[in-house]
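> Below is the file entry.pdb, with PDB, C-alpha atoms.
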ATOM      1  CA  MET A  29      17.718   8.964  -5.772
ATOM      2  CA  THR A  30      20.454  10.578  -7.784
ATOM      3  CA  LYS A  31      19.443  13.239 -10.289
ATOM      4  CA  ARG A  32      21.494  11.393 -12.919
ATOM      5  CA  LEU A  33      18.338   9.363 -13.598
ATOM      6  CA  GLN A  34      16.568  11.868 -15.843
ATOM      7  CA  PRO A  35      19.474  12.708 -18.218
ATOM      8  CA  ILE A  36      20.469   9.024 -18.424
ATOM      9  CA  LEU A  37      16.981   7.962 -19.435
ATOM     10  CA  VAL A  38      16.619  10.883 -21.850
ATOM     11  CA  VAL A  39      19.809   9.813 -23.635
ATOM     12  CA  ALA A  40      18.526   6.242 -23.748
ATOM     13  CA  MET A  41      15.273   7.365 -25.331
ATOM     14  CA  ILE A  42      17.062   9.492 -27.969
ATOM     15  CA  LEU A  43      18.904   6.380 -29.158
ATOM     16  CA  LEU A  44      15.704   4.466 -29.797
ATOM     17  CA  VAL A  45      14.434   3.641 -33.265
ATOM     18  CA  PRO A  46      10.655   3.746 -33.829
ATOM     19  CA  ALA A  47       8.774   1.637 -31.318
ATOM     20  CA  LEU A  48       7.556  -1.863 -32.072
ATOM     21  CA  ALA A  49       4.312  -3.213 -30.663
ATOM     22  CA  PHE A  50       3.697  -6.791 -29.580
ATOM     23  CA  ALA A  51      -0.010  -6.910 -28.781
ATOM     24  CA  GLY A  52      -0.692  -8.409 -25.388
ATOM     25  CA  ALA A  53       2.831  -9.822 -24.969
ATOM     26  CA  ASN A  54       4.341  -7.040 -22.877
ATOM     27  CA  LYS A  55       2.397  -5.828 -19.877
ATOM     28  CA  PHE A  56       2.782  -3.727 -16.756
ATOM     29  CA  ALA A  57       0.761  -4.179 -13.575
ATOM     30  CA  VAL A  58       0.631  -3.584  -9.843
ATOM     31  CA  ALA A  59      -0.229  -6.372  -7.430
ATOM     32  CA  LYS A  60      -2.560  -6.096  -4.456
ATOM     33  CA  ALA A  61      -1.420  -4.095  -1.443
ATOM     34  CA  ALA A  62       0.109  -5.677   1.633
ATOM     35  CA  SER A  63       0.825  -4.377   5.124
ATOM     36  CA  GLN A  64       4.427  -4.101   6.309
ATOM     37  CA  ASP A  65       5.673  -2.169   9.348
ATOM     38  CA  GLY A  66       2.613   0.064   9.324
ATOM     39  CA  LYS A  67       2.980   0.923   5.636
ATOM     40  CA  VAL A  68       1.130  -0.123   2.489
ATOM     41  CA  VAL A  69       3.464  -1.993   0.156
ATOM     42  CA  VAL A  70       2.451  -2.346  -3.494
ATOM     43  CA  SER A  71       4.350  -4.675  -5.828
ATOM     44  CA  VAL A  72       5.138  -3.556  -9.378
ATOM     45  CA  VAL A  73       5.047  -6.416 -11.891
ATOM     46  CA  VAL A  74       6.496  -6.548 -15.423
ATOM     47  CA  SER A  75       5.714  -9.065 -18.149
ATOM     48  CA  ASN A  76       8.124  -8.987 -21.105
ATOM     49  CA  ALA A  77       8.288 -11.053 -24.307
ATOM     50  CA  ARG A  78      11.859  -9.942 -25.133
ATOM     51  CA  PRO A  79      15.015  -9.645 -22.995
ATOM     52  CA  LEU A  80      15.190  -6.052 -21.705
ATOM     53  CA  THR A  81      18.195  -3.806 -21.149
ATOM     54  CA  CYS A  82      16.414  -0.755 -19.724
ATOM     55  CA  LEU A  83      13.058   0.276 -18.248
ATOM     56  CA  ASP A  84      11.617   3.753 -17.760
ATOM     57  CA  VAL A  85       8.719   3.605 -15.275
ATOM     58  CA  PRO A  86       7.033   6.968 -14.524
ATOM     59  CA  LEU A  87       4.000   6.636 -12.235
ATOM     60  CA  ARG A  88       1.410   8.907 -10.643
ATOM     61  CA  TYR A  89      -0.539   7.944  -7.522
ATOM     62  CA  SER A  90      -3.726   9.209  -5.896
ATOM     63  CA  GLU A  91      -4.184  11.614  -2.987
ATOM     64  CA  GLY A  92      -4.278  10.749   0.698
ATOM     65  CA  VAL A  93      -1.026   8.782   0.733
ATOM     66  CA  THR A  94       2.692   9.566   0.625
ATOM     67  CA  LEU A  95       5.175   7.425  -1.280
ATOM     68  CA  GLU A  96       8.110   7.148   1.129
ATOM     69  CA  LYS A  97      10.465   4.876  -0.802
ATOM     70  CA  VAL A  98      10.924   2.374  -3.617
ATOM     71  CA  THR A  99      12.804  -0.878  -2.983
ATOM     72  CA  PHE A 100      14.184  -3.525  -5.351
ATOM     73  CA  ASP A 101      15.081  -6.336  -2.945
ATOM     74  CA  ARG A 102      14.493  -9.911  -4.102
ATOM     75  CA  THR A 103      13.048  -8.843  -7.453
ATOM     76  CA  ARG A 104      13.790  -9.680 -11.084
ATOM     77  CA  VAL A 105      16.027  -6.603 -11.359
ATOM     78  CA  SER A 106      17.929  -6.886  -8.062
ATOM     79  CA  TYR A 107      21.166  -7.602 -10.004
ATOM     80  CA  PHE A 108      20.843  -4.552 -12.309
ATOM     81  CA  ASP A 109      23.722  -2.054 -12.264
ATOM     82  CA  PHE A 110      21.400   0.953 -12.153
ATOM     83  CA  LYS A 111      18.237   0.971 -10.034
ATOM     84  CA  SER A 112      16.938   4.371  -9.074
ATOM     85  CA  SER A 113      13.780   6.242  -8.089
ATOM     86  CA  TYR A 114      13.013   9.943  -8.008
ATOM     87  CA  ILE A 115       9.933  10.774  -5.926
ATOM     88  CA  LYS A 116       8.166  14.137  -6.365
ATOM     89  CA  PRO A 117       5.697  14.262  -3.431
ATOM     90  CA  ASP A 118       4.077  17.567  -4.451
ATOM     91  CA  GLU A 119       3.120  16.107  -7.820
ATOM     92  CA  ARG A 120       2.446  12.598  -6.464
ATOM     93  CA  THR A 121       4.785  11.101  -9.060
ATOM     94  CA  VAL A 122       7.749   8.763  -9.042
ATOM     95  CA  PHE A 123      10.259   8.097 -11.826
ATOM     96  CA  ILE A 124      11.864   4.667 -11.691
ATOM     97  CA  GLY A 125      14.869   3.980 -13.905
ATOM     98  CA  LEU A 126      16.409   0.562 -14.458
ATOM     99  CA  ILE A 127      19.484  -0.303 -16.560
ATOM    100  CA  ALA A 128      20.871  -3.836 -16.613
ATOM    101  CA  GLN A 129      24.479  -2.942 -17.461
ATOM    102  CA  PHE A 130      25.755   0.498 -16.578
ATOM    103  CA  GLY A 131      29.339  -0.269 -15.555
ATOM    104  CA  THR A 132      32.101  -2.315 -17.177
ATOM    105  CA  GLU A 133      31.071  -5.629 -15.641
ATOM    106  CA  LYS A 134      28.958  -7.774 -17.960
ATOM    107  CA  ARG A 135      25.331  -8.038 -16.801
ATOM    108  CA  PRO A 136      22.603 -10.213 -18.344
ATOM    109  CA  GLN A 137      19.478  -8.652 -19.741
ATOM    110  CA  LEU A 138      16.134  -9.057 -18.000
ATOM    111  CA  ALA A 139      15.055 -12.497 -19.173
ATOM    112  CA  VAL A 140      11.713 -13.091 -20.847
ATOM    113  CA  GLY A 141       9.072 -13.717 -18.227
ATOM    114  CA  GLU A 142       6.868 -12.124 -15.608
ATOM    115  CA  GLY A 143       7.454 -10.995 -12.045
ATOM    116  CA  GLU A 144       8.079  -8.246  -9.546
ATOM    117  CA  ILE A 145      10.593  -5.487 -10.291
ATOM    118  CA  CYS A 146      10.105  -3.237  -7.253
ATOM    119  CA  GLN A 147       7.957  -2.382  -4.250
ATOM    120  CA  LEU A 148       6.255   0.967  -3.560
ATOM    121  CA  HIS A 149       6.048   1.836   0.143
ATOM    122  CA  PHE A 150       3.159   4.204   0.964
ATOM    123  CA  ARG A 151       2.225   5.955   4.192
ATOM    124  CA  VAL A 152      -1.523   6.487   4.623
ATOM    125  CA  ASP A 153      -2.148  10.139   5.570
ATOM    126  CA  ASP A 154      -5.933  10.301   5.194
ATOM    127  CA  GLU A 155      -7.856   7.787   7.322
ATOM    128  CA  SER A 156     -10.788   7.929   4.896
ATOM    129  CA  VAL A 157      -8.680   6.523   2.052
ATOM    130  CA  SER A 158      -9.758   2.984   1.137
ATOM    131  CA  LYS A 159      -7.741   2.506  -2.048
ATOM    132  CA  ILE A 160      -4.694   3.733  -3.965
ATOM    133  CA  THR A 161      -4.912   4.440  -7.688
ATOM    134  CA  ILE A 162      -1.726   4.214  -9.760
ATOM    135  CA  ASP A 163      -1.447   5.469 -13.357
ATOM    136  CA  GLU A 164       1.255   6.104 -15.916
ATOM    137  CA  ALA A 165       2.793   9.596 -15.696
ATOM    138  CA  VAL A 166       3.667  10.903 -19.154
ATOM    139  CA  THR A 167       5.954  13.953 -19.089
ATOM    140  CA  GLN A 168       7.868  16.198 -21.469
ATOM    141  CA  ALA A 169      11.190  18.010 -21.078
ATOM    142  CA  PRO A 170      12.429  15.581 -19.953
ATOM    143  CA  ASN A 171      10.365  13.030 -21.797
ATOM    144  CA  HIS A 172       9.083  10.089 -19.771
ATOM    145  CA  ARG A 173       6.567   7.393 -20.574
ATOM    146  CA  LEU A 174       6.278   3.756 -19.599
ATOM    147  CA  THR A 175       8.940   2.130 -21.773
ATOM    148  CA  TYR A 176      10.753  -1.201 -22.057
ATOM    149  CA  VAL A 177      14.024  -1.145 -24.026
ATOM    150  CA  TYR A 178      15.670  -4.084 -25.797
ATOM    151  CA  ARG A 179      18.476  -4.436 -28.318
ATOM    152  CA  SER A 180      18.117  -5.800 -31.826
ATOM    153  CA  GLY A 181      20.884  -5.770 -34.424
ATOM    154  CA  GLY A 182      23.014  -3.671 -32.099
ATOM    155  CA  ARG A 183      20.377  -0.959 -31.822
ATOM    156  CA  ALA A 184      18.073  -0.019 -28.972
ATOM    157  CA  GLN A 185      14.368  -0.376 -29.610
ATOM    158  CA  ALA A 186      11.366   0.470 -27.443
ATOM    159  CA  ILE A 187       8.206  -1.307 -26.404
ATOM    160  CA  TYR A 188       5.343   0.611 -24.830
ATOM    161  CA  PRO A 189       3.564  -1.989 -22.674
ATOM    162  CA  ASP A 190      -0.129  -2.246 -21.934
ATOM    163  CA  PHE A 191      -1.143  -0.412 -18.741
ATOM    164  CA  ALA A 192      -4.547   1.151 -18.239
ATOM    165  CA  GLY A 193      -3.904   2.107 -14.617
ATOM    166  CA  ALA A 194      -4.725   0.112 -11.516
ATOM    167  CA  THR A 195      -6.475   0.451  -8.166
ATOM    168  CA  VAL A 196      -5.383  -1.460  -5.080
ATOM    169  CA  SER A 197      -7.723  -1.840  -2.131
ATOM    170  CA  LEU A 198      -6.418  -1.264   1.380
ATOM    171  CA  SER A 199      -9.061  -3.595   2.784
ATOM    172  CA  ASN A 200      -7.106  -6.566   1.394
ATOM    173  CA  THR A 201      -4.028  -5.857   3.497
ATOM    174  CA  GLY A 202      -5.484  -7.222   6.714
ATOM    175  CA  GLN A 203      -4.353  -4.020   8.436
ATOM    176  CA  PRO A 204      -6.832  -1.338   9.574
ATOM    177  CA  TRP A 205      -5.729   2.147   8.507
ATOM    178  CA  ALA A 206      -8.107   3.944  10.876
ATOM    179  CA  TYR A 207      -9.361   3.631  14.450
ATOM    180  CA  ALA A 208     -12.847   2.196  14.863
ATOM    181  CA  LEU A 209     -15.211   0.974  17.571
ATOM    182  CA  HIS A 210     -17.828  -1.390  16.141
ATOM    183  CA  GLN A 211     -21.347  -2.096  17.325
ATOM    184  CA  ASN A 212     -21.496  -4.955  19.789
ATOM    185  CA  TYR A 213     -23.004  -8.268  18.721
ATOM    186  CA  PRO A 214     -25.507  -9.528  19.591
ATOM    187  CA  ASN A 215     -27.464  -6.473  20.628
ATOM    188  CA  PRO A 216     -29.701  -6.720  22.633
ATOM    189  CA  PHE A 217     -27.875  -9.510  24.464
ATOM    190  CA  ASN A 218     -28.046 -11.778  27.508
ATOM    191  CA  PRO A 219     -25.685 -12.198  29.233
ATOM    192  CA  ARG A 220     -22.649 -11.983  26.926
ATOM    193  CA  THR A 221     -21.834  -9.785  23.951
ATOM    194  CA  LYS A 222     -18.769  -9.232  21.758
ATOM    195  CA  ILE A 223     -17.185  -5.836  21.085
ATOM    196  CA  ALA A 224     -14.727  -5.377  18.196
ATOM    197  CA  TYR A 225     -12.371  -2.464  17.633
ATOM    198  CA  ASP A 226      -9.603  -1.498  15.184
ATOM    199  CA  LEU A 227      -6.305   0.186  15.997
ATOM    200  CA  LYS A 228      -4.366   2.119  13.403
ATOM    201  CA  LYS A 229      -1.290   2.123  15.638
ATOM    202  CA  ALA A 230      -0.074   0.140  18.610
ATOM    203  CA  GLY A 231      -0.499   1.869  21.961
ATOM    204  CA  HIS A 232      -2.340   2.069  25.242
ATOM    205  CA  VAL A 233      -6.044   1.251  24.967
ATOM    206  CA  GLU A 234      -8.862   1.718  27.464
ATOM    207  CA  LEU A 235     -12.285   0.186  26.939
ATOM    208  CA  TYR A 236     -14.885   0.541  29.712
ATOM    209  CA  VAL A 237     -18.586  -0.174  30.178
ATOM    210  CA  TYR A 238     -20.823   2.416  31.897
ATOM    211  CA  ASN A 239     -24.401   2.313  33.071
ATOM    212  CA  ILE A 240     -26.987   4.960  32.215
ATOM    213  CA  LEU A 241     -25.897   7.018  35.250
ATOM    214  CA  GLY A 242     -22.344   7.212  33.943
ATOM    215  CA  GLN A 243     -20.962   4.801  36.537
ATOM    216  CA  LYS A 244     -18.223   2.412  35.407
ATOM    217  CA  VAL A 245     -19.422  -1.189  35.685
ATOM    218  CA  ALA A 246     -16.694  -3.095  33.793
ATOM    219  CA  THR A 247     -13.132  -2.741  32.534
ATOM    220  CA  LEU A 248     -12.699  -4.653  29.278
ATOM    221  CA  VAL A 249      -9.284  -3.337  28.194
ATOM    222  CA  ASN A 250      -6.680  -1.290  30.026
ATOM    223  CA  GLY A 251      -3.239  -1.808  28.581
ATOM    224  CA  HIS A 252      -1.014  -1.941  25.512
ATOM    225  CA  ARG A 253      -2.412  -3.443  22.319
ATOM    226  CA  GLU A 254      -0.813  -3.960  18.924
ATOM    227  CA  ALA A 255      -2.144  -2.342  15.747
ATOM    228  CA  GLY A 256      -4.844  -4.413  14.097
ATOM    229  CA  SER A 257      -8.348  -5.701  14.707
ATOM    230  CA  HIS A 258      -9.324  -6.870  18.201
ATOM    231  CA  GLU A 259     -12.361  -8.324  19.956
ATOM    232  CA  VAL A 260     -13.396  -8.641  23.595
ATOM    233  CA  THR A 261     -16.391 -10.198  25.308
ATOM    234  CA  TRP A 262     -18.396  -8.619  28.103
ATOM    235  CA  ASP A 263     -20.072 -11.072  30.447
ATOM    236  CA  ALA A 264     -22.717  -8.929  32.168
ATOM    237  CA  GLU A 265     -23.593 -11.758  34.554
ATOM    238  CA  LYS A 266     -20.110 -11.705  36.103
ATOM    239  CA  ASP A 267     -20.466  -7.973  36.779
ATOM    240  CA  ASN A 268     -23.953  -8.390  38.263
ATOM    241  CA  ALA A 269     -25.368  -6.008  35.664
ATOM    242  CA  ALA A 270     -29.143  -5.527  35.599
ATOM    243  CA  THR A 271     -31.382  -5.218  32.571
ATOM    244  CA  GLY A 272     -31.002  -1.827  30.950
ATOM    245  CA  VAL A 273     -29.061   0.452  28.613
ATOM    246  CA  TYR A 274     -25.266   0.512  28.821
ATOM    247  CA  PHE A 275     -22.529   2.414  27.071
ATOM    248  CA  TYR A 276     -19.052   1.216  26.097
ATOM    249  CA  LYS A 277     -16.297   3.740  25.456
ATOM    250  CA  ILE A 278     -12.868   3.340  23.912
ATOM    251  CA  LYS A 279      -9.832   5.600  24.175
ATOM    252  CA  ALA A 280      -6.762   4.917  22.040
ATOM    253  CA  GLY A 281      -4.340   7.785  21.561
ATOM    254  CA  GLU A 282      -6.435  10.766  20.559
ATOM    255  CA  TYR A 283      -9.275   8.560  19.348
ATOM    256  CA  THR A 284     -12.375   8.202  21.543
ATOM    257  CA  LYS A 285     -15.825   6.841  20.749
ATOM    258  CA  THR A 286     -18.870   5.670  22.690
ATOM    259  CA  ASN A 287     -21.541   3.200  21.583
ATOM    260  CA  LYS A 288     -24.826   2.085  23.193
ATOM    261  CA  MET A 289     -25.944  -1.471  23.909
ATOM    262  CA  ILE A 290     -28.928  -3.108  25.640
ATOM    263  CA  LEU A 291     -28.908  -5.928  28.158
ATOM    264  CA  LEU A 292     -32.219  -7.855  28.310
ATOM    265  CA  LYS A 293     -32.623 -10.562  30.894
TER     266      LYS A 293
END
Represent the structure from my file as C-alpha cells, please.

Amino acid sequence: MTKRLQPILVVAMILLVPALAFAGANKFAVAKAASQDGKVVVSVVVSNARPLTCLDVPLRYSEGVTLEKVTFDRTRVSYFDFKSSYIKPDERTVFIGLIAQFGTEKRPQLAVGEGEICQLHFRVDDESVSKITIDEAVTQAPNHRLTYVYRSGGRAQAIYPDFAGATVSLSNTGQPWAYALHQNYPNPFNPRTKIAYDLKKAGHVELYVYNILGQKVATLVNGHREAGSHEVTWDAEKDNAATGVYFYKIKAGEYTKTNKMILLK
C-alpha cells in the first residue's frame, strides 16, 4: 500500500462538517470466514443509506493470525479510483482507504445498498486459535475512525456507522487449521472401525496399526493426502487380528500421535 493513504484521508476528514447520524441505517460488518488456498478469508460488508464518496476503515484484529493482504476483487468498490490498505503487523491493525473519484475521470458514488467491499486474507500462525476477533481501530495523529463520507450541498459530510466488533469462527470454514488424530469409532469394535484425522497442510501421511508388542499389523495410509479432514476404515478380520489392544499411529510432517483401540471378538 502506498503511504499516500494516511495524508489523503486526513485531508478528507479535515473537510468534513459535523457528523450526522442515521440510527440503524448505516452499518459495518464482517461475514463468516471461508477457506481459500490455505488461508482464512473474511469478507468486509458495508450497508449505506446514502451514496458514498469515501470510506476510512481502520481495523484491529486478534492475536495468533497474520493479515497478509486485502483484496477488492468483485466487490461494490472494485471500480473506485483509490483502493488501498496499509497493514501494520506489529500492531495487528490495517487501514483501508477508499475514494470513488480520485482522478479526472468521472466515477459514480457508492450506491445505496449493502454488500462486500473487500476481503481480508489471514494466515493462521497459532494452531490453538479457533476464532478471529475484528474491532474498529481508532487512532490519533493521524486521526482514523470508521467513517463513511458523502456529499451534500457541495460539502463533504461524515457518517460513523454502527460496529460493535465481530468474531468469526474458523470452524465454519470447513478447513482444519491444525493436525489431529481422532479416537476411532466404534471402540471397542468387531471387526471394523473408522479412524478420522485432520491435516493442516497437504503432504505425505503414514497411518499404521500396531499390536501390543509394537509389531505392525496394518498399513492404513502411506502416501500423499490433501489438506482437510479424512477417514479410513480398518478391517481387523482381513488382517487376521486377534482380540486385544491395538495402537494406531499417524505421522504427517512433524506431527505424530498414537491412540489406543480395543478389538473384541
> Taking only C-alpha atoms into account, which of A:Arg104, A:His172, A:Asp109, A:Ala270 comes nearest A:Thr132?
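Checking each of A:Arg104, A:His172, A:Asp109, A:Ala270 against A:Thr132, counting only C-alpha atoms, the winner is A:Asp109.
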> Take the point (8.9, 2.1, -2.3) as written in the file and pick out every residue within 8 Å of it, counting all atoms listed in the file; give the list as JSON, numbers by chain.
{"A": [69, 70, 95, 96, 97, 98, 99, 146, 147, 148, 149, 150]}
> Just how far from atom CA of A:Ala169 is atom CA of A:Val72, in Å to one decimal?
25.3 Å
> Which one of A:Ala192, A:Leu291, A:Ala246, A:Ile240 sits closest to A:Arg220 if you count only C-alpha atoms?
A:Leu291
> For a test of reading the model, state the distance in Å between atom CA of A:Glu234 and atom CA of A:His258, rounded to one decimal.
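Answer for the atom CA of A:Glu234 to atom CA of A:His258 separation: 12.6 Å.
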> Could you tell me which of A:Lys111, A:Arg102, A:Arg135, A:Arg151 comes closest to A:Val68 if we count all atoms listed in the file?
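Distance minimum relative to A:Val68 lands on A:Arg151.
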> Would you pull stretch 105-120 of chain A out of the block just shown and save N, CA and C atoms as a compact mmCIF listing (two decimals), in the first residue's frame?

# COMPACT_ATOMS: atom_id res chain seq x y z
N VAL A 105 -16.83 -1.87 -4.51
CA VAL A 105 -15.92 -0.75 -4.73
C VAL A 105 -14.84 -1.07 -5.76
N SER A 106 -15.00 -2.16 -6.51
CA SER A 106 -13.95 -2.57 -7.44
C SER A 106 -13.65 -1.50 -8.50
N TYR A 107 -14.62 -0.62 -8.78
CA TYR A 107 -14.43 0.43 -9.79
C TYR A 107 -13.83 1.71 -9.21
N PHE A 108 -13.68 1.82 -7.90
CA PHE A 108 -13.16 3.03 -7.27
C PHE A 108 -11.78 3.38 -7.81
N ASP A 109 -11.51 4.68 -7.90
CA ASP A 109 -10.18 5.15 -8.34
C ASP A 109 -9.10 4.79 -7.32
N PHE A 110 -9.42 4.94 -6.05
CA PHE A 110 -8.42 4.76 -4.99
C PHE A 110 -8.88 3.66 -4.04
N LYS A 111 -8.13 2.58 -4.01
CA LYS A 111 -8.40 1.45 -3.10
C LYS A 111 -7.05 1.05 -2.51
N SER A 112 -6.90 1.24 -1.23
CA SER A 112 -5.59 0.99 -0.65
C SER A 112 -5.70 0.43 0.75
N SER A 113 -4.65 -0.30 1.17
CA SER A 113 -4.60 -0.86 2.52
C SER A 113 -3.18 -0.75 3.06
N TYR A 114 -3.08 -0.39 4.30
CA TYR A 114 -1.80 -0.25 4.98
C TYR A 114 -1.83 -1.15 6.21
N ILE A 115 -1.11 -2.26 6.14
CA ILE A 115 -1.10 -3.25 7.22
C ILE A 115 0.09 -2.99 8.15
N LYS A 116 -0.18 -2.95 9.46
CA LYS A 116 0.86 -2.81 10.47
C LYS A 116 0.86 -4.09 11.32
N PRO A 117 1.62 -5.10 10.92
CA PRO A 117 1.58 -6.41 11.60
C PRO A 117 1.90 -6.35 13.09
N ASP A 118 2.87 -5.50 13.47
CA ASP A 118 3.26 -5.44 14.89
C ASP A 118 2.12 -4.95 15.77
N GLU A 119 1.25 -4.12 15.22
CA GLU A 119 0.13 -3.58 15.98
C GLU A 119 -1.17 -4.29 15.67
N ARG A 120 -1.11 -5.27 14.75
CA ARG A 120 -2.29 -6.03 14.33
C ARG A 120 -3.40 -5.10 13.86
